[in-house]
Amino acid sequence: MIKMLSEFAVGESGTVKAVKGEGRVRRRLFDMGVTPGAELTLKKKAPLGDPIEIMIRGYELTLRKTEAACVEVESK
Amino acid sequence: MKTFALAGNPNCGKTTLFNALTGATAHVGNWPGVTVDKREGAYKSGGESINIVDLPGIYSLSPYTPEEVIARDFLTDGDVDGVINVVDATNLERNLYLTMQILEMDVPVVVALNMMDEVEKAGDKIDAKELEKKLGVPVVAISAIKSKGVKELMNRAAALPSTREGTTALSPALGKSLETAVAFYEGESVKSPLFHAVKLFENDEIELQRKGVDKILGEIAVGDTEALVADERYKYISANLASVKVKNVRGEVLTKSDKIDRVLTHRIWAIPLFLVILFAIFHLTFSENLLFLNGFTEGQAWLPSLAECGLAYEADGELVYNNFGCEILSTVYDGTLYSPGVVLTNLLNLVLDHVSDGVITLMENGGAAEWSTGLVGDGVLGGIFAVLGFLPQILVLFLFFSILEDTGYMARIAFVLDRGFRRFGLSGRAFMPMIMGFGCSVPAAVNTRTLSDDKERTATIRVIPFFSCGAKLPILTAVAGGIVMAFGVGNADLITYGMYLLGICMAIVCVLLMRNTTLKGETPSFIMELPAYHMPKFKNLMLHLWDKAKHFVKKAFTIIFASTVIIWLFSHLSWNWRYLPDEQMQSSILASIGAFLQPVFTPLGFGYQLGEFGWVFAVAAITGLVAKENVVATFTTLAICVSAYAGAGTEDGIEELAGLINVITQSSGVSQQQFISALIAFIAFNMTTIPCFAACATAKAELEKGTFKWTLLFWGAASYVISAAVYTVGSWWWTAFVWLAAVAAVATLIVLRNLGKFDICSLFKRKNKGDDQ
């Protein structure tokens with residue numbers, strides 16, 4: 001099922017399908033390894049539910065829900 | 001001499017390698033992007049010497065943060081003979097992404113495969129030879145922290161050919177378009193045409209603004225090339241990784257990290273736990289009652305002082321210790337057990353006091369004039385030593401914060417607190433410098449370098465002084481104590497806590513105000529690596545501390561030296577340039593300046609209302625601009641003069657101030673309520689106004705060019721307004737409504753103005769705003 005990373009639950013894994021949005025945020029996501037085909041797992045959410053922490057390409061990355069809403073992921 | 005640049009991701013051990021190569025001191029942190037300055041050093045081997053430049057940690061050569069711009073500019077246009085690309089072997093995939101971009105430049109490259117010891121510890125292997133074959137440049141396995149393989153790395157670097165042509169793995173994907181772009185850049189005769197050509201496909205802002213580039217854009221546009229390039233790079237790396245046979249080496253490390261993480265970023269316990277850690281740090285640095293052994297309030301104190309133990313006695317109003325051993329003991333324990341930070345401060349002050357006493361005695365015995373001993377003793381040594389006395393506590397505080405940084409905990413705190421901070425238009429990262437402000441504004445301002453957004457940085461630096469630093473505490477305790485003693489009303493502790501709270505509220509209000517007016521901008525994005533937890537390295541911590549100590553001492557002997565001498569001269573010279581002893585300070589240049597400025601402080605309550613002696617407050621506030629510890633020092637000195645002049649008895653400490661308050665009450669006839677309000681306004685003013693010289697100098701260095709003067713103005717205005725509010729509301733309760741109305745009016749105006757611009761806001765921005773409300 002394809003959905004946005006911001007809609008993921010803790011522990012859910014998937015493969016990145018596309019990165020929407022534009023400009024520097026998108027560029028940054030690419031540079032940090034969030035590219036189509038990358039596998040990721042939602043590790044946890046901060047105490048207030050935002051930002052979130054994902055495991056991608058062997059390291060941990062944190063991003064906000066607004067930024068995660070740009071990442072389209074095929075959930076496993 | 002050849003010059004090599006060290007380039008690599010944040011946290012890849014680049015700075016550790018730099019330290020190992022050059023023996024120089026550079027900041028090493030586990031917070032992504034902690035090195036902003038370009039650091040240079042020399043590597044010496046045999047008779048040869050190689051110049052090494054440490055670049056900021058970067059993830060990519062596309063400019064995103066100011067640091068990345070520095071690194072990219074240096075690599076593309078700087079005069080480098082080669083690049084040493086440091087790669088974290090435990091996180092090959094993302095690290096090689098940068099390597100791929102560096103390889104596209106026409107510059108000799110050697111890859112340092114760092115942290116190989118950790119890879120081996122995890123039982124994995126990386127075939128450096130195979131990787132070398134795939135990348136086409138030398139690859140050397142090293143461990144920077146253990147200095148293993150460093151020599152071989154430098155031998156390979158020295159043996160690099162003087163030129164290399166850029167290579168790319170993107171040719172199959174981009175095909176003919178890439179060739180067209182490269183041909184264009186070759187025609188422009190820029191350095192590294194291939195690198196620039198690829199950046200063009202990445203929609204790089206800098207390349208898109210290049211003259212003449214629009215001519216070929218039509219020819220080469222092939223859809224979303226930005227995603228394609230990133231995608232192809234990672235695909236190529238994955239293929240390479242498979243052939244060098246790397247297992248997921250992070251697996252084991254992460255399970256350990258996970259266990260720690262489960263506790264430290266727990267949904268409920270994360271914030272309380274952080275508060276406990278923070279409290280422990282401040283307690284160990286500043287507490288004069290370690291572990292509350294001497295009870296929680298003064299009434300519960302039960303430990304005997306050294307004098308009560310018979311180890312010291314009082315003579316001429318001063319405490320004299322039986323022997324030097326007792327004096328040393330007094331730095332650790334004297335009626336209460338001191339925290340490590342306070343013990344170190346006491347020890348240093350003990351040494352400094354003896355030095356300054358020795359110098360003065362020597363001068364007096366040598367027959368030096370009174371003014372010269374005064375200038376050297378009080379002006380020069382007194383000023384510098386008073387500031388140096390803060391060094392131990394600043395270093396201890398720094399040590400604790402470096403440990404938090406090096407272990408990777410700081411990044412987690414930013415993660416936990418980000419949601420709360422976004423309401424004020426900041427990111428979670430802004431928290432650390434603010435909280436450090438309670439210790440000292442200087443390290444706090446330096447710490448703002450970890451913020452990637454310039455506006456966020458400026459806003460943060462501006463509110464740091466509102467987090468009342470250690471040197472402001474004496475003002476609080478002395479004035480609040482004086483109020484309670486002179487009028488017999490109020491509670492000193494309550495006033496102190498209230499003032500701390502006032503500072504925090506002001507910081508919040510001012511950040512909101514700035515982020516909605518002068519420093520308007522999108523909430524900075526928050527895409528950040530959370531580095532794996534690891535034990536801090538002793539050597540790195542010590543190098544870090546040494547670096548800070550050096551800077552601080554340098555400042556003490558330059559800016560602070562100059563300012564203390566000037567203040568001393570003005571307070572001991574009359575207008576006809578004659579020397580005045582302490583007792584005649586009221587006829588000094590400083591006193592006249594104080595009297596001249598007195599009316600300025602009238603709206604704040606400590607101006608002309610306080611009569612002929614009111615200038616003391618004005619002068620105390622002005623000397624506070626040099627160093628906040630001057631405020632109480634000025635009070636003490638001036639209070640003695642004033643009290644002696646008015647015929648009141650002289651006492652010391654809080655009593656001195658109480659004496660001064662009594663004298664002023666009698667001579668000016670100001671009402672008790674107004675005077676108390678004025679005194680509290682005085683505290684508020686000093687706590688929030690322009691910080692000390694050292695903090696101003698640091699802020700000037702850290703802020704963008706041209707913003708410092710506005711920052712000074714902001715500090716002055718903010719403290720003036722808040723103190724005026726404190727005074728008027730305290731004196732006439734109904735003015736609270738006037739102030740509330742003013743605040744409401746300003747808020748409404750700002751909101752209306754911003755609403756007017758709402759329509760032209762981009763969709764993204766509007767979405768963001770909606771989220772926040």
# chains A, B, ... in the order shown; residues from 1 in each chain; ligands from 1
>>> select_by_dssp(residues="chain A", states="strand (DSSP E or B)", output="PyMOL selection string")
chain A and resi 2-4+13-19+39-45+52-56+59-63+71-75
>>> interface_residues(of="chain A", to="chain B", cutoff="12 Å", atoms="only C-alpha atoms", output="JSON, numbers by chain")
{"A": [16, 17, 18, 19, 20, 21, 22, 23, 24, 25, 26, 27, 28, 29, 30, 31, 32, 33, 34, 35, 36, 37, 38, 39, 43, 44, 45, 46, 47, 48, 49, 50, 51, 52, 53, 54, 55, 56, 57, 58, 59, 60, 61, 62, 63, 64, 65, 66, 67, 68, 69, 70]}
>>> atom_distance(atom1="atom CA of Ile2 of chain A", atom2="atom CA of Thr225 of chain B")
22.9 Å
>>> select_by_dssp(residues="segment 604-754 of chain B", states="alpha helix (DSSP H)", output="PyMOL selection string")
chain B and resi 615-623+629-646+654-668+672-688+693-702+708-731+735-754
>>> residues_around(residues="Ser13 of chain A", least_positions_apart="6", cutoff="7 Å", atoms="only C-alpha atoms", output="MDAnalysis selection string")
chainID A and resid 40:42 75:76
>>> write_last_selection(atoms="N, CA and C atoms", output="short mmCIF file (atom, residue, chain, number, x, y, z; two decimals), in the first residue's frame")
data_model
loop_
_atom_site.label_atom_id
_atom_site.label_comp_id
_atom_site.auth_asym_id
_atom_site.auth_seq_id
_atom_site.Cartn_x
_atom_site.Cartn_y
_atom_site.Cartn_z
N LEU A 40 13.17 1.90 4.43
CA LEU A 40 13.21 2.59 5.72
C LEU A 40 12.24 1.96 6.70
N THR A 41 12.50 2.22 7.97
CA THR A 41 11.64 1.77 9.05
C THR A 41 11.39 2.95 9.97
N LEU A 42 10.14 3.12 10.39
CA LEU A 42 9.85 4.19 11.34
C LEU A 42 10.22 3.67 12.73
N SER A 75 4.33 0.73 1.68
CA SER A 75 4.42 0.04 2.96
C SER A 75 4.44 -1.47 2.77
N LYS A 76 5.24 -2.13 3.59
CA LYS A 76 5.34 -3.59 3.52
C LYS A 76 4.26 -4.24 4.36
#
>>> atom_distance(atom1="atom CA of Ala20 of chain B", atom2="atom CA of Met115 of chain B")
13.6 Å
>>> residues_around(residues="Leu604 of chain B", least_positions_apart="6", cutoff="12 Å", atoms="only C-alpha atoms", output="JSON, numbers by chain")
{"B": [598, 610, 617, 618, 674, 675, 676, 677, 678, 679, 680, 681, 682, 683, 684, 685, 686, 719, 720, 721, 722, 723, 724, 725, 726, 727, 728, 729, 730, 731]}
>>> decode(residues="segment 534-550 of chain B", atoms="all heavy atoms", output="PDB file, in the first residue's frame")
ATOM      1  N   HIS B 534      27.873   6.865  21.581  1.00  0.00           N
ATOM      2  CA  HIS B 534      29.165   6.259  21.904  1.00  0.00           C
ATOM      3  C   HIS B 534      29.832   6.978  23.055  1.00  0.00           C
ATOM      4  O   HIS B 534      29.488   8.114  23.381  1.00  0.00           O
ATOM      5  CB  HIS B 534      30.078   6.168  20.674  1.00  0.00           C
ATOM      6  CG  HIS B 534      30.494   7.479  20.105  1.00  0.00           C
ATOM      7  ND1 HIS B 534      31.352   8.320  20.749  1.00  0.00           N
ATOM      8  CD2 HIS B 534      30.152   8.093  18.950  1.00  0.00           C
ATOM      9  CE1 HIS B 534      31.533   9.384  20.007  1.00  0.00           C
ATOM     10  NE2 HIS B 534      30.809   9.282  18.926  1.00  0.00           N
ATOM     11  N   MET B 535      30.770   6.296  23.674  1.00  0.00           N
ATOM     12  CA  MET B 535      31.476   6.877  24.808  1.00  0.00           C
ATOM     13  C   MET B 535      32.283   8.077  24.322  1.00  0.00           C
ATOM     14  O   MET B 535      32.938   7.999  23.291  1.00  0.00           O
ATOM     15  CB  MET B 535      32.432   5.847  25.420  1.00  0.00           C
ATOM     16  CG  MET B 535      31.739   4.783  26.227  1.00  0.00           C
ATOM     17  SD  MET B 535      30.846   5.493  27.630  1.00  0.00           S
ATOM     18  CE  MET B 535      32.226   5.894  28.687  1.00  0.00           C
ATOM     19  N   PRO B 536      32.246   9.174  25.073  1.00  0.00           N
ATOM     20  CA  PRO B 536      33.065  10.316  24.664  1.00  0.00           C
ATOM     21  C   PRO B 536      34.549   9.980  24.798  1.00  0.00           C
ATOM     22  O   PRO B 536      34.931   9.207  25.668  1.00  0.00           O
ATOM     23  CB  PRO B 536      32.664  11.416  25.651  1.00  0.00           C
ATOM     24  CG  PRO B 536      32.050  10.716  26.805  1.00  0.00           C
ATOM     25  CD  PRO B 536      31.478   9.440  26.296  1.00  0.00           C
ATOM     26  N   LYS B 537      35.354  10.516  23.903  1.00  0.00           N
ATOM     27  CA  LYS B 537      36.792  10.248  23.924  1.00  0.00           C
ATOM     28  C   LYS B 537      37.499  11.299  24.773  1.00  0.00           C
ATOM     29  O   LYS B 537      37.347  12.498  24.535  1.00  0.00           O
ATOM     30  CB  LYS B 537      37.354  10.269  22.499  1.00  0.00           C
ATOM     31  CG  LYS B 537      36.746   9.211  21.585  1.00  0.00           C
ATOM     32  CD  LYS B 537      37.320   7.833  21.886  1.00  0.00           C
ATOM     33  CE  LYS B 537      36.866   6.794  20.883  1.00  0.00           C
ATOM     34  NZ  LYS B 537      35.455   6.385  21.067  1.00  0.00           N
ATOM     35  N   PHE B 538      38.249  10.831  25.750  1.00  0.00           N
ATOM     36  CA  PHE B 538      38.900  11.724  26.702  1.00  0.00           C
ATOM     37  C   PHE B 538      39.765  12.772  25.999  1.00  0.00           C
ATOM     38  O   PHE B 538      39.703  13.957  26.301  1.00  0.00           O
ATOM     39  CB  PHE B 538      39.748  10.911  27.671  1.00  0.00           C
ATOM     40  CG  PHE B 538      40.442  11.735  28.714  1.00  0.00           C
ATOM     41  CD1 PHE B 538      39.720  12.246  29.787  1.00  0.00           C
ATOM     42  CD2 PHE B 538      41.788  12.006  28.617  1.00  0.00           C
ATOM     43  CE1 PHE B 538      40.349  13.019  30.745  1.00  0.00           C
ATOM     44  CE2 PHE B 538      42.424  12.787  29.571  1.00  0.00           C
ATOM     45  CZ  PHE B 538      41.700  13.288  30.640  1.00  0.00           C
ATOM     46  N   LYS B 539      40.545  12.290  25.020  1.00  0.00           N
ATOM     47  CA  LYS B 539      41.472  13.200  24.336  1.00  0.00           C
ATOM     48  C   LYS B 539      40.709  14.322  23.622  1.00  0.00           C
ATOM     49  O   LYS B 539      41.089  15.496  23.716  1.00  0.00           O
ATOM     50  CB  LYS B 539      42.286  12.391  23.324  1.00  0.00           C
ATOM     51  CG  LYS B 539      43.482  13.135  22.767  1.00  0.00           C
ATOM     52  CD  LYS B 539      44.229  12.264  21.777  1.00  0.00           C
ATOM     53  CE  LYS B 539      45.050  13.098  20.825  1.00  0.00           C
ATOM     54  NZ  LYS B 539      45.486  12.295  19.670  1.00  0.00           N
ATOM     55  N   ASN B 540      39.615  13.959  22.964  1.00  0.00           N
ATOM     56  CA  ASN B 540      38.824  14.966  22.263  1.00  0.00           C
ATOM     57  C   ASN B 540      38.248  15.989  23.231  1.00  0.00           C
ATOM     58  O   ASN B 540      38.234  17.185  22.957  1.00  0.00           O
ATOM     59  CB  ASN B 540      37.685  14.306  21.487  1.00  0.00           C
ATOM     60  CG  ASN B 540      38.165  13.697  20.193  1.00  0.00           C
ATOM     61  OD1 ASN B 540      39.323  13.870  19.822  1.00  0.00           O
ATOM     62  ND2 ASN B 540      37.297  12.976  19.526  1.00  0.00           N
ATOM     63  N   LEU B 541      37.755  15.497  24.385  1.00  0.00           N
ATOM     64  CA  LEU B 541      37.170  16.395  25.372  1.00  0.00           C
ATOM     65  C   LEU B 541      38.208  17.390  25.866  1.00  0.00           C
ATOM     66  O   LEU B 541      37.952  18.582  25.992  1.00  0.00           O
ATOM     67  CB  LEU B 541      36.631  15.589  26.565  1.00  0.00           C
ATOM     68  CG  LEU B 541      35.330  14.843  26.364  1.00  0.00           C
ATOM     69  CD1 LEU B 541      34.979  14.067  27.620  1.00  0.00           C
ATOM     70  CD2 LEU B 541      34.206  15.805  26.034  1.00  0.00           C
ATOM     71  N   MET B 542      39.409  16.867  26.141  1.00  0.00           N
ATOM     72  CA  MET B 542      40.452  17.732  26.677  1.00  0.00           C
ATOM     73  C   MET B 542      40.894  18.777  25.642  1.00  0.00           C
ATOM     74  O   MET B 542      41.090  19.939  25.981  1.00  0.00           O
ATOM     75  CB  MET B 542      41.652  16.898  27.138  1.00  0.00           C
ATOM     76  CG  MET B 542      41.371  16.094  28.387  1.00  0.00           C
ATOM     77  SD  MET B 542      40.789  17.168  29.738  1.00  0.00           S
ATOM     78  CE  MET B 542      39.214  16.459  30.123  1.00  0.00           C
ATOM     79  N   LEU B 543      41.021  18.335  24.396  1.00  0.00           N
ATOM     80  CA  LEU B 543      41.401  19.274  23.333  1.00  0.00           C
ATOM     81  C   LEU B 543      40.358  20.379  23.216  1.00  0.00           C
ATOM     82  O   LEU B 543      40.671  21.547  23.081  1.00  0.00           O
ATOM     83  CB  LEU B 543      41.530  18.544  21.998  1.00  0.00           C
ATOM     84  CG  LEU B 543      42.829  17.775  21.788  1.00  0.00           C
ATOM     85  CD1 LEU B 543      42.760  16.969  20.497  1.00  0.00           C
ATOM     86  CD2 LEU B 543      44.014  18.722  21.740  1.00  0.00           C
ATOM     87  N   HIS B 544      39.115  19.973  23.311  1.00  0.00           N
ATOM     88  CA  HIS B 544      37.989  20.893  23.230  1.00  0.00           C
ATOM     89  C   HIS B 544      38.065  21.932  24.360  1.00  0.00           C
ATOM     90  O   HIS B 544      37.939  23.133  24.145  1.00  0.00           O
ATOM     91  CB  HIS B 544      36.717  20.045  23.342  1.00  0.00           C
ATOM     92  CG  HIS B 544      35.452  20.819  23.206  1.00  0.00           C
ATOM     93  ND1 HIS B 544      34.224  20.228  23.229  1.00  0.00           N
ATOM     94  CD2 HIS B 544      35.226  22.132  23.056  1.00  0.00           C
ATOM     95  CE1 HIS B 544      33.302  21.145  23.097  1.00  0.00           C
ATOM     96  NE2 HIS B 544      33.880  22.309  22.998  1.00  0.00           N
ATOM     97  N   LEU B 545      38.306  21.454  25.581  1.00  0.00           N
ATOM     98  CA  LEU B 545      38.383  22.346  26.731  1.00  0.00           C
ATOM     99  C   LEU B 545      39.570  23.301  26.599  1.00  0.00           C
ATOM    100  O   LEU B 545      39.468  24.483  26.902  1.00  0.00           O
ATOM    101  CB  LEU B 545      38.537  21.538  28.028  1.00  0.00           C
ATOM    102  CG  LEU B 545      37.282  20.902  28.578  1.00  0.00           C
ATOM    103  CD1 LEU B 545      37.550  20.333  29.951  1.00  0.00           C
ATOM    104  CD2 LEU B 545      36.149  21.902  28.643  1.00  0.00           C
ATOM    105  N   TRP B 546      40.688  22.759  26.156  1.00  0.00           N
ATOM    106  CA  TRP B 546      41.891  23.561  25.992  1.00  0.00           C
ATOM    107  C   TRP B 546      41.644  24.704  25.014  1.00  0.00           C
ATOM    108  O   TRP B 546      42.030  25.847  25.243  1.00  0.00           O
ATOM    109  CB  TRP B 546      43.030  22.660  25.521  1.00  0.00           C
ATOM    110  CG  TRP B 546      44.272  23.389  25.103  1.00  0.00           C
ATOM    111  CD1 TRP B 546      44.890  23.329  23.900  1.00  0.00           C
ATOM    112  CD2 TRP B 546      45.060  24.290  25.902  1.00  0.00           C
ATOM    113  NE1 TRP B 546      45.989  24.141  23.889  1.00  0.00           N
ATOM    114  CE2 TRP B 546      46.120  24.752  25.104  1.00  0.00           C
ATOM    115  CE3 TRP B 546      44.954  24.771  27.205  1.00  0.00           C
ATOM    116  CZ2 TRP B 546      47.074  25.650  25.554  1.00  0.00           C
ATOM    117  CZ3 TRP B 546      45.898  25.685  27.659  1.00  0.00           C
ATOM    118  CH2 TRP B 546      46.952  26.101  26.852  1.00  0.00           C
ATOM    119  N   ASP B 547      40.937  24.376  23.940  1.00  0.00           N
ATOM    120  CA  ASP B 547      40.577  25.349  22.925  1.00  0.00           C
ATOM    121  C   ASP B 547      39.767  26.496  23.537  1.00  0.00           C
ATOM    122  O   ASP B 547      40.048  27.671  23.319  1.00  0.00           O
ATOM    123  CB  ASP B 547      39.737  24.630  21.859  1.00  0.00           C
ATOM    124  CG  ASP B 547      39.881  25.283  20.512  1.00  0.00           C
ATOM    125  OD1 ASP B 547      40.941  25.881  20.259  1.00  0.00           O
ATOM    126  OD2 ASP B 547      38.939  25.184  19.715  1.00  0.00           O
ATOM    127  N   LYS B 548      38.767  26.126  24.332  1.00  0.00           N
ATOM    128  CA  LYS B 548      37.899  27.124  24.961  1.00  0.00           C
ATOM    129  C   LYS B 548      38.689  27.970  25.946  1.00  0.00           C
ATOM    130  O   LYS B 548      38.552  29.198  25.967  1.00  0.00           O
ATOM    131  CB  LYS B 548      36.756  26.434  25.705  1.00  0.00           C
ATOM    132  CG  LYS B 548      35.735  25.827  24.814  1.00  0.00           C
ATOM    133  CD  LYS B 548      34.877  26.878  24.156  1.00  0.00           C
ATOM    134  CE  LYS B 548      34.210  26.351  22.926  1.00  0.00           C
ATOM    135  NZ  LYS B 548      34.998  26.245  21.736  1.00  0.00           N
ATOM    136  N   ALA B 549      39.517  27.322  26.770  1.00  0.00           N
ATOM    137  CA  ALA B 549      40.276  28.046  27.786  1.00  0.00           C
ATOM    138  C   ALA B 549      41.179  29.082  27.121  1.00  0.00           C
ATOM    139  O   ALA B 549      41.257  30.226  27.554  1.00  0.00           O
ATOM    140  CB  ALA B 549      41.103  27.066  28.616  1.00  0.00           C
ATOM    141  N   LYS B 550      41.793  28.680  26.021  1.00  0.00           N
ATOM    142  CA  LYS B 550      42.699  29.563  25.299  1.00  0.00           C
ATOM    143  C   LYS B 550      41.970  30.831  24.832  1.00  0.00           C
ATOM    144  O   LYS B 550      42.430  31.944  25.045  1.00  0.00           O
ATOM    145  CB  LYS B 550      43.253  28.820  24.077  1.00  0.00           C
ATOM    146  CG  LYS B 550      44.757  28.836  24.015  1.00  0.00           C
ATOM    147  CD  LYS B 550      45.335  27.920  22.961  1.00  0.00           C
ATOM    148  CE  LYS B 550      44.606  27.871  21.660  1.00  0.00           C
ATOM    149  NZ  LYS B 550      45.154  26.863  20.737  1.00  0.00           N
TER     150      LYS B 550
END
